[in-house]
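As provided, target_25.cif (mmCIF, C-alpha atoms) reads as follows.
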data_data
#
loop_
_atom_site.label_atom_id
_atom_site.label_comp_id
_atom_site.auth_asym_id
_atom_site.auth_seq_id
_atom_site.Cartn_x
_atom_site.Cartn_y
_atom_site.Cartn_z
CA MET U 1 28.85 -64.27 -185.05
CA THR U 2 29.09 -65.88 -188.46
CA PRO U 3 28.04 -69.54 -188.89
CA ASP U 4 31.72 -70.42 -189.45
CA ALA U 5 32.72 -68.78 -186.15
CA MET U 6 29.90 -70.56 -184.30
CA ALA U 7 31.05 -73.90 -185.71
CA GLU U 8 34.64 -73.15 -184.69
CA THR U 9 33.55 -72.23 -181.15
CA LEU U 10 31.93 -75.66 -180.82
CA ALA U 11 35.05 -77.30 -182.26
CA ILE U 12 37.24 -75.56 -179.66
CA ARG U 13 35.07 -76.90 -176.83
CA GLN U 14 35.25 -80.41 -178.27
CA TRP U 15 39.02 -80.18 -178.73
CA LEU U 16 39.49 -79.17 -175.08
CA GLU U 17 37.34 -82.07 -173.90
CA ARG U 18 39.54 -84.45 -175.90
CA ARG U 19 42.70 -82.92 -174.46
CA ARG U 20 41.31 -83.20 -170.93
CA ALA U 21 40.65 -86.88 -171.48
CA ALA U 22 44.17 -87.36 -172.86
CA ALA U 23 46.01 -85.24 -170.26
CA GLY U 24 46.70 -88.22 -168.04
CA MET U 25 47.43 -86.04 -165.02
CA GLN U 26 47.13 -87.64 -161.60
CA VAL U 27 47.28 -85.53 -158.44
CA GLU U 28 47.79 -87.27 -155.09
CA PRO U 29 48.39 -85.99 -151.54
CA GLY U 30 52.06 -85.78 -150.60
CA ALA U 31 54.05 -84.44 -147.67
CA LEU U 32 56.89 -81.94 -147.34
CA ALA U 33 58.81 -84.28 -145.01
CA ARG U 34 58.82 -87.03 -147.68
CA SER U 35 59.67 -84.76 -150.61
CA PRO U 36 62.90 -85.49 -152.51
CA SER U 37 62.96 -81.91 -153.88
CA TRP U 38 61.48 -79.51 -151.30
CA ARG U 39 62.65 -78.70 -147.79
CA LEU U 40 62.22 -76.21 -144.95
CA GLU U 41 65.40 -74.15 -144.61
CA ASP U 42 65.84 -71.03 -142.45
CA GLY U 43 62.07 -70.52 -142.18
CA VAL U 44 61.49 -70.83 -145.95
CA ILE U 45 60.13 -73.79 -147.95
CA ARG U 46 62.32 -73.96 -151.05
CA HIS U 47 63.26 -76.25 -153.93
CA ALA U 48 66.61 -78.03 -153.78
CA SER U 49 67.69 -76.24 -156.97
CA GLY U 50 67.06 -72.81 -155.46
CA ARG U 51 64.84 -72.05 -158.47
CA PHE U 52 61.11 -72.29 -159.30
CA PHE U 53 59.46 -70.65 -156.28
CA GLN U 54 59.62 -70.65 -152.49
CA VAL U 55 57.04 -70.32 -149.73
CA VAL U 56 57.73 -67.56 -147.22
CA GLY U 57 55.90 -66.13 -144.23
CA LEU U 58 54.68 -62.54 -144.34
CA ASN U 59 53.52 -60.14 -141.60
CA TRP U 60 51.62 -56.91 -142.28
CA CYS U 61 49.20 -54.53 -140.63
CA GLU U 62 46.16 -53.15 -142.44
CA GLY U 63 43.46 -50.97 -140.94
CA GLY U 64 44.97 -51.43 -137.49
CA THR U 65 44.73 -55.25 -137.71
CA ALA U 66 47.78 -57.51 -137.78
CA HIS U 67 47.90 -60.29 -140.39
CA CYS U 68 50.25 -63.14 -141.24
CA GLN U 69 50.14 -65.71 -144.02
CA PRO U 70 52.30 -67.93 -146.24
CA PHE U 71 53.06 -66.37 -149.64
CA ILE U 72 54.53 -67.80 -152.81
CA GLU U 73 57.66 -65.87 -153.70
CA GLN U 74 58.68 -66.24 -157.35
CA ARG U 75 60.76 -63.29 -158.46
CA GLU U 76 61.42 -64.72 -161.91
CA ILE U 77 59.37 -62.96 -164.58
CA GLY U 78 57.37 -65.62 -166.39
CA THR U 79 56.34 -65.60 -170.04
CA LEU U 80 52.67 -65.66 -170.98
CA GLY U 81 52.63 -65.48 -174.75
CA PHE U 82 50.34 -66.07 -177.70
CA LEU U 83 51.55 -66.64 -181.22
CA ALA U 84 49.15 -64.86 -183.56
CA ARG U 85 48.46 -64.68 -187.27
CA GLN U 86 46.54 -62.06 -189.21
CA THR U 87 43.26 -63.03 -190.89
CA ALA U 88 40.65 -61.07 -192.81
CA HIS U 89 38.56 -60.97 -189.62
CA GLY U 90 41.14 -60.10 -186.96
CA LEU U 91 43.69 -62.27 -185.20
CA ALA U 92 43.86 -66.00 -184.86
CA LEU U 93 45.67 -67.20 -181.73
CA LEU U 94 47.58 -70.43 -181.13
CA LEU U 95 45.86 -71.96 -178.09
CA HIS U 96 47.39 -74.42 -175.63
CA ALA U 97 45.34 -77.00 -173.74
CA LYS U 98 47.43 -76.43 -170.61
CA ALA U 99 47.21 -79.10 -167.91
CA GLU U 100 47.80 -77.87 -164.35
CA PRO U 101 47.30 -79.82 -161.09
CA GLY U 102 45.14 -77.09 -159.50
CA ASN U 103 42.81 -76.49 -162.45
CA VAL U 104 39.19 -77.53 -162.30
CA GLY U 105 39.05 -79.91 -165.25
CA ILE U 106 42.89 -80.26 -165.23
CA ALA U 107 43.35 -78.80 -168.74
CA GLN U 108 42.18 -75.30 -169.64
CA ILE U 109 42.92 -73.05 -172.59
CA GLY U 110 46.10 -71.12 -171.96
CA PRO U 111 48.49 -68.99 -174.00
CA THR U 112 50.71 -70.67 -176.60
CA CYS U 113 53.56 -70.56 -174.09
CA GLN U 114 53.13 -70.29 -170.33
CA ALA U 115 56.51 -70.74 -168.69
CA THR U 116 58.63 -69.60 -165.78
CA ALA U 117 62.28 -68.72 -166.29
CA SER U 118 63.19 -71.95 -164.42
CA ASN U 119 61.21 -74.00 -166.92
CA ARG U 120 62.77 -72.12 -169.85
CA ASP U 121 66.19 -72.94 -168.36
CA ARG U 122 65.07 -76.60 -167.98
CA VAL U 123 65.94 -76.69 -164.26
CA HIS U 124 63.41 -79.55 -163.94
CA GLY U 125 65.57 -81.67 -166.28
CA GLY U 126 62.74 -82.09 -168.78
CA ALA U 127 61.92 -80.69 -172.18
CA LEU U 128 61.79 -77.01 -173.11
CA PRO U 129 58.23 -75.62 -172.78
CA PRO U 130 56.49 -75.67 -176.18
CA TYR U 131 57.17 -72.60 -178.34
CA ALA U 132 59.34 -70.95 -175.65
CA ALA U 133 61.96 -70.05 -178.25
CA ALA U 134 59.44 -67.93 -180.18
CA PHE U 135 59.21 -65.52 -177.26
CA ALA U 136 62.93 -65.38 -176.48
CA ASP U 137 63.67 -63.64 -179.81
CA GLU U 138 63.43 -59.90 -179.14
CA THR U 139 63.51 -59.15 -182.89
CA GLY U 140 60.11 -60.73 -183.57
CA SER U 141 57.04 -58.70 -184.50
CA ARG U 142 55.33 -58.05 -181.15
CA LEU U 143 51.71 -56.94 -181.30
CA SER U 144 51.61 -56.31 -177.55
CA ASP U 145 54.12 -56.64 -174.73
CA SER U 146 53.55 -55.58 -171.11
CA ARG U 147 54.51 -56.55 -167.58
CA GLN U 148 51.56 -57.54 -165.40
CA SER U 149 51.23 -58.67 -161.78
CA GLU U 150 49.83 -61.87 -160.35
CA GLN U 151 47.58 -62.13 -157.28
CA GLY U 152 48.99 -59.82 -154.60
CA SER U 153 47.05 -61.67 -151.89
CA ARG U 154 49.13 -64.85 -152.31
CA PHE U 155 52.12 -64.05 -154.57
CA LEU U 156 54.99 -61.89 -153.32
CA GLY U 157 56.31 -59.51 -155.97
CA LYS U 158 55.34 -61.76 -158.92
CA PHE U 159 55.21 -60.39 -162.47
CA ASN U 160 54.68 -61.93 -165.89
CA ARG U 161 55.47 -60.70 -169.37
CA ASN U 162 52.19 -60.68 -171.34
CA VAL U 163 53.09 -60.79 -175.01
CA VAL U 164 51.58 -61.49 -178.45
CA VAL U 165 54.00 -62.23 -181.28
CA LEU U 166 53.07 -62.28 -184.97
CA SER U 167 53.71 -65.70 -186.51
CA ASP U 168 53.71 -67.17 -189.99
CA GLY U 169 50.80 -69.37 -188.93
CA THR U 170 52.51 -72.70 -189.42
CA ALA U 171 50.74 -75.87 -188.34
CA PRO U 172 50.93 -76.53 -184.58
CA VAL U 173 53.22 -79.25 -183.26
CA GLY U 174 51.27 -81.95 -181.39
CA ASN U 175 47.63 -82.17 -180.37
CA ASP U 176 47.74 -79.84 -177.34
CA HIS U 177 47.92 -76.71 -179.54
CA ARG U 178 45.46 -75.43 -182.13
CA TRP U 179 44.75 -72.20 -183.98
CA ALA U 180 41.51 -70.36 -183.27
CA ALA U 181 40.10 -67.12 -184.61
CA PHE U 182 39.48 -64.58 -181.86
CA ASP U 183 35.90 -64.22 -183.10
CA ALA U 184 35.35 -67.91 -182.32
CA LEU U 185 37.28 -67.79 -179.04
CA ARG U 186 35.62 -64.74 -177.46
CA PRO U 187 32.24 -66.40 -176.54
CA LEU U 188 34.21 -68.96 -174.52
CA LEU U 189 35.28 -66.20 -172.12
CA LEU U 190 31.86 -66.74 -170.50
CA ASP U 191 32.30 -70.52 -170.12
CA ASP U 192 33.16 -71.84 -166.66
CA PHE U 193 36.66 -73.26 -166.16
CA LEU U 194 37.54 -73.13 -169.86
CA ILE U 195 39.95 -70.20 -170.48
CA ASN U 196 42.58 -69.86 -167.80
CA THR U 197 43.60 -66.72 -165.95
CA ASP U 198 46.83 -66.27 -167.88
CA ALA U 199 45.14 -66.39 -171.27
CA ARG U 200 42.56 -63.86 -170.11
CA SER U 201 45.31 -61.51 -168.97
CA VAL U 202 47.15 -61.62 -172.31
CA ILE U 203 43.94 -61.26 -174.32
CA CYS U 204 42.64 -58.21 -172.46
CA THR U 205 46.03 -56.42 -172.55
CA THR U 206 46.24 -56.80 -176.36
CA PRO U 207 44.71 -53.91 -178.39
CA TRP U 208 41.06 -54.83 -178.78
CA GLU U 209 40.66 -53.48 -182.32
CA LEU U 210 43.63 -55.62 -183.33
CA LEU U 211 42.09 -58.73 -181.80
CA ALA U 212 38.74 -58.23 -183.51
CA GLY U 213 40.03 -56.75 -186.77
CA ARG U 214 37.42 -53.96 -186.47
CA ALA U 215 35.89 -51.63 -183.92
CA PRO U 216 34.93 -53.82 -180.94
CA PHE U 217 31.40 -54.35 -179.59
CA PRO U 218 29.50 -54.27 -182.92
CA GLY U 219 26.33 -55.94 -181.59
CA GLU U 220 22.90 -54.32 -181.83
CA ASP U 221 21.68 -55.34 -178.36
CA ALA U 222 21.48 -52.69 -175.62
CA LEU U 223 24.54 -53.99 -173.72
CA SER U 224 26.77 -54.03 -176.81
CA ARG U 225 25.67 -50.51 -177.75
CA ALA U 226 26.49 -49.24 -174.25
CA LEU U 227 29.91 -50.92 -174.40
CA SER U 228 30.62 -49.56 -177.87
CA GLN U 229 29.80 -46.03 -176.77
CA SER U 230 31.99 -46.46 -173.68
CA PHE U 231 34.89 -47.67 -175.83
CA ARG U 232 34.53 -44.72 -178.23
CA ALA U 233 34.32 -42.14 -175.42
CA PRO U 234 37.24 -39.68 -175.14
CA VAL U 235 39.84 -40.56 -172.53
CA ARG U 236 39.49 -38.00 -169.72
CA MET U 237 42.91 -36.85 -168.56
CA GLU U 238 41.48 -35.65 -165.25
CA THR U 239 40.11 -39.16 -164.61
CA LEU U 240 43.51 -40.74 -165.28
CA ALA U 241 45.06 -38.19 -162.92
CA ARG U 242 42.57 -39.20 -160.19
CA VAL U 243 43.51 -42.86 -160.73
CA GLU U 244 47.21 -42.13 -160.32
CA ALA U 245 46.57 -40.00 -157.23
CA ALA U 246 44.42 -42.72 -155.64
CA LEU U 247 47.11 -45.34 -156.27
CA ARG U 248 49.83 -43.11 -154.80
CA HIS U 249 47.72 -42.60 -151.69
CA ALA U 250 47.02 -46.32 -151.30
CA ARG U 251 50.71 -47.14 -151.71
CA HIS U 252 51.73 -44.78 -148.92
CA ALA U 253 48.83 -45.45 -146.54
CA THR U 254 50.03 -48.89 -145.40
CA ALA U 255 53.43 -49.95 -144.05
CA PRO U 256 55.28 -52.56 -146.14
CA ALA U 257 54.94 -56.23 -145.21
CA THR U 258 57.88 -57.98 -143.52
CA LEU U 259 59.17 -61.54 -143.89
CA CYS U 260 58.94 -64.05 -141.03
CA PRO U 261 59.60 -67.82 -140.68
CA VAL U 262 56.85 -69.73 -142.45
CA ASP U 263 56.92 -72.51 -139.84
CA ARG U 264 56.28 -70.08 -136.97
CA LEU U 265 53.33 -68.03 -138.21
CA PRO U 266 51.09 -67.07 -135.26
CA GLY U 267 47.74 -68.87 -135.46
CA TRP U 268 48.94 -71.34 -138.11
CA ARG U 269 49.46 -75.07 -137.58
CA PHE U 270 52.69 -76.39 -139.18
CA ASP U 271 52.83 -80.14 -139.98
CA PRO U 272 55.58 -81.11 -142.47
CA GLY U 273 54.66 -84.79 -142.18
CA GLY U 274 51.01 -84.30 -143.17
CA THR U 275 49.34 -83.59 -146.49
CA THR U 276 48.45 -80.12 -145.11
CA THR U 277 51.73 -78.40 -144.36
CA LEU U 278 50.19 -75.18 -143.00
CA THR U 279 46.68 -74.03 -142.18
CA ASP U 280 44.82 -71.42 -140.16
CA GLY U 281 41.47 -73.12 -140.87
CA LYS U 282 40.77 -70.88 -143.88
CA LEU U 283 43.79 -70.90 -146.18
CA ALA U 284 45.95 -74.03 -146.40
CA LEU U 285 49.33 -74.89 -147.87
CA ARG U 286 49.23 -78.49 -149.08
CA HIS U 287 51.83 -80.76 -150.65
CA ILE U 288 50.95 -82.81 -153.73
CA ASP U 289 52.53 -85.48 -155.93
CA VAL U 290 51.80 -85.10 -159.64
CA ARG U 291 52.11 -87.41 -162.63
CA ALA U 292 51.45 -86.05 -166.11
CA ALA U 293 51.58 -87.40 -169.65
CA SER U 294 51.47 -84.00 -171.36
CA ARG U 295 54.03 -81.92 -169.45
CA GLU U 296 57.77 -81.34 -169.85
CA VAL U 297 58.48 -83.82 -167.01
CA ALA U 298 56.46 -86.92 -166.21
CA ALA U 299 56.35 -86.54 -162.41
CA TRP U 300 57.06 -83.99 -159.70
CA ASP U 301 55.93 -82.86 -156.25
CA GLN U 302 55.23 -79.34 -155.02
CA PRO U 303 53.57 -77.12 -152.40
CA ILE U 304 50.24 -75.62 -153.48
CA LEU U 305 47.88 -73.12 -151.83
CA ASP U 306 44.24 -74.06 -151.19
CA SER U 307 41.71 -71.31 -150.41
CA GLN U 308 39.13 -73.96 -149.45
CA GLY U 309 36.09 -72.22 -150.88
CA GLU U 310 34.65 -69.98 -153.57
CA GLN U 311 34.70 -66.20 -153.59
CA THR U 312 32.61 -63.75 -155.60
CA ILE U 313 34.36 -60.95 -157.51
CA ASP U 314 32.15 -58.17 -158.87
CA LEU U 315 32.82 -55.44 -161.38
CA ASP U 316 29.96 -52.94 -161.16
CA GLY U 317 28.85 -50.84 -164.10
CA ARG U 318 26.46 -47.94 -164.43
CA HIS U 319 25.04 -46.04 -167.39
CA ASP U 320 26.26 -42.51 -168.02
CA ASN U 321 24.66 -40.82 -171.06
CA GLY U 322 24.21 -44.18 -172.78
CA ALA U 323 27.74 -45.49 -172.06
CA LEU U 324 28.65 -48.02 -169.38
CA HIS U 325 31.31 -46.98 -166.90
CA PHE U 326 32.90 -49.42 -164.46
CA ALA U 327 33.89 -49.05 -160.80
CA PHE U 328 37.37 -49.91 -159.55
CA ARG U 329 39.14 -49.41 -156.23
CA ALA U 330 42.73 -48.44 -155.57
CA ALA U 331 43.65 -51.50 -153.49
CA TRP U 332 46.84 -52.17 -151.54
CA GLU U 333 47.84 -55.85 -151.28
CA PRO U 334 50.85 -57.14 -149.34
CA GLY U 335 52.28 -59.08 -152.29
CA LEU U 336 51.95 -56.50 -155.06
CA GLY U 337 55.29 -55.28 -156.36
CA ALA U 338 53.78 -51.84 -156.96
CA GLY U 339 52.03 -51.87 -153.56
CA ALA U 340 48.60 -50.98 -154.95
CA GLU U 341 46.74 -51.49 -158.23
CA LEU U 342 43.19 -51.08 -159.48
CA ALA U 343 40.97 -53.88 -158.18
CA PRO U 344 37.37 -54.81 -159.06
CA THR U 345 34.52 -53.15 -157.19
CA ARG U 346 34.28 -55.96 -154.63
CA MET U 347 36.21 -59.13 -153.86
CA GLY U 348 34.87 -61.75 -151.50
CA GLU U 349 31.55 -60.03 -150.79
CA ASP U 350 28.28 -61.21 -152.36
CA ARG U 351 26.02 -58.21 -152.94
CA PRO U 352 22.54 -59.21 -154.16
CA GLU U 353 21.54 -55.79 -155.51
CA GLY U 354 21.88 -54.94 -159.18
CA LYS U 355 21.53 -57.01 -162.34
CA THR U 356 24.16 -59.54 -163.43
CA LEU U 357 25.09 -58.92 -167.07
CA LEU U 358 27.93 -61.42 -167.55
CA GLN U 359 29.56 -64.07 -165.39
CA ALA U 360 31.95 -67.03 -165.39
CA ARG U 361 33.67 -69.23 -162.83
CA GLN U 362 37.44 -69.60 -162.92
CA SER U 363 39.98 -71.69 -161.05
CA ASP U 364 42.78 -69.15 -160.76
CA GLU U 365 46.45 -70.04 -161.39
CA GLY U 366 46.22 -73.84 -161.39
CA GLY U 367 49.98 -74.24 -161.16
CA ARG U 368 50.14 -72.69 -157.68
CA PHE U 369 46.54 -72.76 -156.34
CA LEU U 370 44.43 -75.89 -155.79
CA HIS U 371 40.87 -75.53 -157.19
CA ASP U 372 40.87 -71.87 -156.17
CA VAL U 373 37.42 -70.97 -157.54
CA SER U 374 36.16 -67.43 -158.10
CA LEU U 375 32.81 -66.39 -159.53
CA TYR U 376 33.45 -63.31 -161.67
CA ARG U 377 30.45 -61.09 -162.42
CA VAL U 378 29.85 -57.89 -164.37
CA ARG U 379 26.80 -56.16 -162.92
CA ASP U 380 24.58 -53.18 -163.72
CA VAL U 381 24.04 -51.08 -160.58
CA THR U 382 22.70 -47.96 -162.30
CA SER U 383 19.85 -47.62 -159.81
CA GLU U 384 21.95 -48.31 -156.70
CA ALA U 385 23.54 -45.79 -154.35
CA GLU U 386 27.23 -45.20 -155.01
CA ALA U 387 29.75 -46.45 -152.49
CA PRO U 388 32.55 -44.02 -151.55
CA GLY U 389 36.06 -44.29 -152.91
CA LEU U 390 35.22 -45.79 -156.31
CA LEU U 391 36.92 -44.80 -159.56
CA TRP U 392 34.48 -44.92 -162.50
CA LEU U 393 36.20 -45.59 -165.82
CA SER U 394 34.99 -45.81 -169.41
CA LEU U 395 36.17 -48.69 -171.59
CA SER U 396 38.40 -46.26 -173.48
CA GLU U 397 40.15 -45.39 -170.21
CA ILE U 398 40.39 -49.04 -169.16
CA HIS U 399 41.86 -49.89 -172.57
CA ASP U 400 44.40 -47.07 -172.20
CA LEU U 401 45.55 -48.21 -168.74
CA LEU U 402 45.64 -51.99 -169.27
CA PRO U 403 49.03 -52.30 -171.02
CA ARG U 404 50.56 -49.97 -168.43
CA GLY U 405 50.11 -52.50 -165.59
CA PHE U 406 47.50 -50.53 -163.60
CA PHE U 407 45.01 -53.39 -162.99
CA ASN U 408 45.46 -56.34 -160.67
CA ASN U 409 44.98 -59.94 -161.77
CA GLU U 410 41.38 -60.13 -160.62
CA ALA U 411 40.48 -56.88 -162.39
CA ARG U 412 41.92 -58.17 -165.66
CA SER U 413 39.91 -61.38 -165.36
CA ALA U 414 36.73 -59.39 -164.71
CA ILE U 415 37.43 -57.12 -167.70
CA SER U 416 37.97 -60.17 -169.92
CA LEU U 417 34.26 -61.04 -169.55
CA LEU U 418 33.41 -57.88 -171.50
CA LEU U 419 35.50 -59.08 -174.44
CA ALA U 420 33.04 -61.91 -175.03
CA LEU U 421 31.00 -59.20 -176.79
CA ALA U 422 33.95 -57.47 -178.52
#

Give the structure from the file, written as structure tokens.
Amino acid sequence: MTPDAMAETLAIRQWLERRRAAAGMQVEPGALARSPSWRLEDGVIRHASGRFFQVVGLNWCEGGTAHCQPFIEQREIGTLGFLARQTAHGLALLLHAKAEPGNVGIAQIGPTCQATASNRDRVHGGALPPYAAAFADETGSRLSDSRQSEQGSRFLGKFNRNVVVLSDGTAPVGNDHRWAAFDALRPLLLDDFLINTDARSVICTTPWELLAGRAPFPGEDALSRALSQSFRAPVRMETLARVEAALRHARHATAPATLCPVDRLPGWRFDPGGTTTLTDGKLALRHIDVRAASREVAAWDQPILDSQGEQTIDLDGRHDNGALHFAFRAAWEPGLGAGAELAPTRMGEDRPEGKTLLQARQSDEGGRFLHDVSLYRVRDVTSEAEAPGLLWLSLSEIHDLLPRGFFNNEARSAISLLLALA
């Protein structure tokens, strides 16, 4: 990094701290029974407008075991978009210090615009989300544009449009947005609770050479050299064919999930008058009241999922003729619109073997999940025995598949750690 980029990285951290202090968001326990906007109707928890999202019950069977759980159903395709401007050293992105009630730290760096269709239509009665109009114009110069899923373990059929639009680079409106060169932003991908899940998804699905303004991974350390070689490796058509075959098999190996009344889930306690609406002792659906100085509306209430703990998500790598390849699984999840996508090597299991190369903690999707913390790690397991069923991909193959919607949300977040060295 140049001295100017290092100074800008520090300035971004300081800016976010100031925006966190100014966010003025207060989150208090609420209750579904006292909500003026949400109600249980025909076994579904929904908003009075019929928009935003609803909470449904879902039944499914996997590996011979029956499961049931509340899911957030939000069929609207949201917009996750960065405005970008060209510089002599790659792209600069317009960042948003986005305050969400479920974020650790309340405000985290998000895309320029992060909005549901309901918010774009101003169903909440408040202001239009900042810069939403820039992404509604289909004639703009789009540097990337793809449809990507959200967490299939808690969202039902949810997709977002991940988009980067070329801008004239005009000065941001207000203090919650600022321009930042990608070269200054990328080290922050390894900071805990600083860059949110949505920003990571848009960044990693944008062409990496375009982001950096050069061939990525130029460092002289051993890890950067192994990543550079992996990125320059030819895309193996037979490997992509194996990926597609594995996903087809996973999609047909499990019966589809079925809807059921959310208030009658077996093994779940339903209490509309309490702050915990639903719980099975592990996952909980809570109700919260929110006040915010920096959002389109000043106050609202909503259901929010609480995983009540931290999980570890690992992406394993191994050296192959000097290049790092990474292990993914074809994973079926009940909420994925496609049925199955590529997932990281492990989710929810802490394996001590191997060497951790990169890591960061995230609080995923702070608008729908309450302090849902995951420790993401990239690990070198070159000397370890290979587990069955893994798909080993080079960075060139990962880069080829990303804009095509092949990777789940957790895989994209894990991949984003690698871009700290891009």

Residues near segment 384-399 of chain U, anyone? I mean within 8 Å using all atoms listed in the file, not counting same-chain ones fewer than 4 positions away, as a PDB file with C-alpha atoms, in the frame of the given file.
ATOM      1  CA  THR U 205      46.030 -56.420-172.550  1.00  0.00           C
ATOM      2  CA  PRO U 207      44.710 -53.910-178.390  1.00  0.00           C
ATOM      3  CA  TRP U 208      41.060 -54.830-178.780  1.00  0.00           C
ATOM      4  CA  LEU U 227      29.910 -50.920-174.400  1.00  0.00           C
ATOM      5  CA  SER U 230      31.990 -46.460-173.680  1.00  0.00           C
ATOM      6  CA  PHE U 231      34.890 -47.670-175.830  1.00  0.00           C
ATOM      7  CA  ARG U 232      34.530 -44.720-178.230  1.00  0.00           C
ATOM      8  CA  ALA U 233      34.320 -42.140-175.420  1.00  0.00           C
ATOM      9  CA  PRO U 234      37.240 -39.680-175.140  1.00  0.00           C
ATOM     10  CA  VAL U 235      39.840 -40.560-172.530  1.00  0.00           C
ATOM     11  CA  ARG U 236      39.490 -38.000-169.720  1.00  0.00           C
ATOM     12  CA  THR U 239      40.110 -39.160-164.610  1.00  0.00           C
ATOM     13  CA  LEU U 240      43.510 -40.740-165.280  1.00  0.00           C
ATOM     14  CA  ARG U 242      42.570 -39.200-160.190  1.00  0.00           C
ATOM     15  CA  VAL U 243      43.510 -42.860-160.730  1.00  0.00           C
ATOM     16  CA  ALA U 323      27.740 -45.490-172.060  1.00  0.00           C
ATOM     17  CA  LEU U 324      28.650 -48.020-169.380  1.00  0.00           C
ATOM     18  CA  HIS U 325      31.310 -46.980-166.900  1.00  0.00           C
ATOM     19  CA  PHE U 326      32.900 -49.420-164.460  1.00  0.00           C
ATOM     20  CA  ALA U 327      33.890 -49.050-160.800  1.00  0.00           C
ATOM     21  CA  PHE U 328      37.370 -49.910-159.550  1.00  0.00           C
ATOM     22  CA  ARG U 329      39.140 -49.410-156.230  1.00  0.00           C
ATOM     23  CA  ALA U 330      42.730 -48.440-155.570  1.00  0.00           C
ATOM     24  CA  THR U 345      34.520 -53.150-157.190  1.00  0.00           C
ATOM     25  CA  GLU U 353      21.540 -55.790-155.510  1.00  0.00           C
ATOM     26  CA  GLY U 354      21.880 -54.940-159.180  1.00  0.00           C
ATOM     27  CA  PRO U 403      49.030 -52.300-171.020  1.00  0.00           C
TER      28      PRO U 403
END

Self-check item: Å distance separating atom CA of Ala245 of chain U from atom CA of Arg147 of chain U, one decimal place
Solution: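 Here the two named atoms are 21.1 Å from each other.
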
Self-check item: Among listed residues U:Ala250, U:Leu401, U:Val381, U:Ala212, nearest Met237 of chain U (using all atoms listed in the file)
Solution: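 For Met237 of chain U, the nearest of the given residues is U:Leu401.
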
Once the PyMOL selection byres ((chain U and resi 150) around 12) is applied to the coordinates I shared, what remains selected? I want it as a short mmCIF file (atom, residue, chain, number, x, y, z; two decimals) with C-alpha atoms, in the frame of the given file.
data_model
loop_
_atom_site.label_atom_id
_atom_site.label_comp_id
_atom_site.auth_asym_id
_atom_site.auth_seq_id
_atom_site.Cartn_x
_atom_site.Cartn_y
_atom_site.Cartn_z
CA ILE U 72 54.53 -67.80 -152.81
CA GLU U 73 57.66 -65.87 -153.70
CA GLN U 74 58.68 -66.24 -157.35
CA ARG U 75 60.76 -63.29 -158.46
CA ILE U 77 59.37 -62.96 -164.58
CA GLY U 78 57.37 -65.62 -166.39
CA LEU U 80 52.67 -65.66 -170.98
CA ARG U 147 54.51 -56.55 -167.58
CA GLN U 148 51.56 -57.54 -165.40
CA SER U 149 51.23 -58.67 -161.78
CA GLN U 151 47.58 -62.13 -157.28
CA GLY U 152 48.99 -59.82 -154.60
CA SER U 153 47.05 -61.67 -151.89
CA ARG U 154 49.13 -64.85 -152.31
CA PHE U 155 52.12 -64.05 -154.57
CA LEU U 156 54.99 -61.89 -153.32
CA GLY U 157 56.31 -59.51 -155.97
CA LYS U 158 55.34 -61.76 -158.92
CA PHE U 159 55.21 -60.39 -162.47
CA ASN U 160 54.68 -61.93 -165.89
CA ARG U 161 55.47 -60.70 -169.37
CA ASN U 162 52.19 -60.68 -171.34
CA THR U 197 43.60 -66.72 -165.95
CA ASP U 198 46.83 -66.27 -167.88
CA SER U 201 45.31 -61.51 -168.97
CA GLU U 333 47.84 -55.85 -151.28
CA GLY U 335 52.28 -59.08 -152.29
CA LEU U 336 51.95 -56.50 -155.06
CA GLY U 337 55.29 -55.28 -156.36
CA ALA U 338 53.78 -51.84 -156.96
CA GLU U 341 46.74 -51.49 -158.23
CA ASP U 364 42.78 -69.15 -160.76
CA GLU U 365 46.45 -70.04 -161.39
CA ARG U 368 50.14 -72.69 -157.68
CA GLY U 405 50.11 -52.50 -165.59
CA PHE U 407 45.01 -53.39 -162.99
CA ASN U 408 45.46 -56.34 -160.67
CA ASN U 409 44.98 -59.94 -161.77
CA GLU U 410 41.38 -60.13 -160.62
CA ALA U 411 40.48 -56.88 -162.39
CA ARG U 412 41.92 -58.17 -165.66
CA SER U 413 39.91 -61.38 -165.36
#

Quiz item: Quick one: distance from atom CA of Asp380 of chain U to atom CA of Leu358 of chain U in Å, one decimal?
Solution: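 Between atom CA of Asp380 of chain U and atom CA of Leu358 of chain U the gap is 9.7 Å.
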
Quiz item: What residues come out when you apply the PyMOL selection byres ((chain U and resi 372) around 12) to this file, written as number ranges by chain?
Solution: U: 101-104, 151, 154, 193, 196-197, 283-284, 304-312, 361-371, 373-375

Quiz item: Mind pulling up the distance from atom CA of Leu357 of chain U to atom CA of Asp400 of chain U?
Solution: 23.2 Å

Exercise. List every protein, DNA or RNA residue that has at least one atom no more than 8 Å from (27.2, -59.9, -180.0) in the file's coordinates, counting all atoms listed in the file, and write the result as a list in words.
Key: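 Returned residue set, sorted by chain then number, is Met1, Phe217, Pro218, Gly219, Glu220, Asp221, Ser224, Ala420, Leu421 and Ala422 of chain U.
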
Practice problem: Tell me which of U:Asp145, U:Asp301, U:Asp192, U:Asp176 sits closest to Leu402 of chain U, counting all atoms listed in the file. | Solution: U:Asp145

Practice problem: Give the answer as one residue: which of U:Thr206, U:Gln69, U:Thr170, U:Gln26 has the shortest atom-to-atom distance to Val55 of chain U, using all atoms listed in the file? | Solution: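 Closest to Val55 of chain U, using all atoms listed in the file: U:Gln69.
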
Practice problem: Kindly indicate which residue among U:Leu143, U:Ala134, U:Leu188, U:Ile313 lies nearest to Val202 of chain U, using all atoms listed in the file for the distances. | Solution: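 The answer is U:Leu143, which sits nearest to Val202 of chain U.
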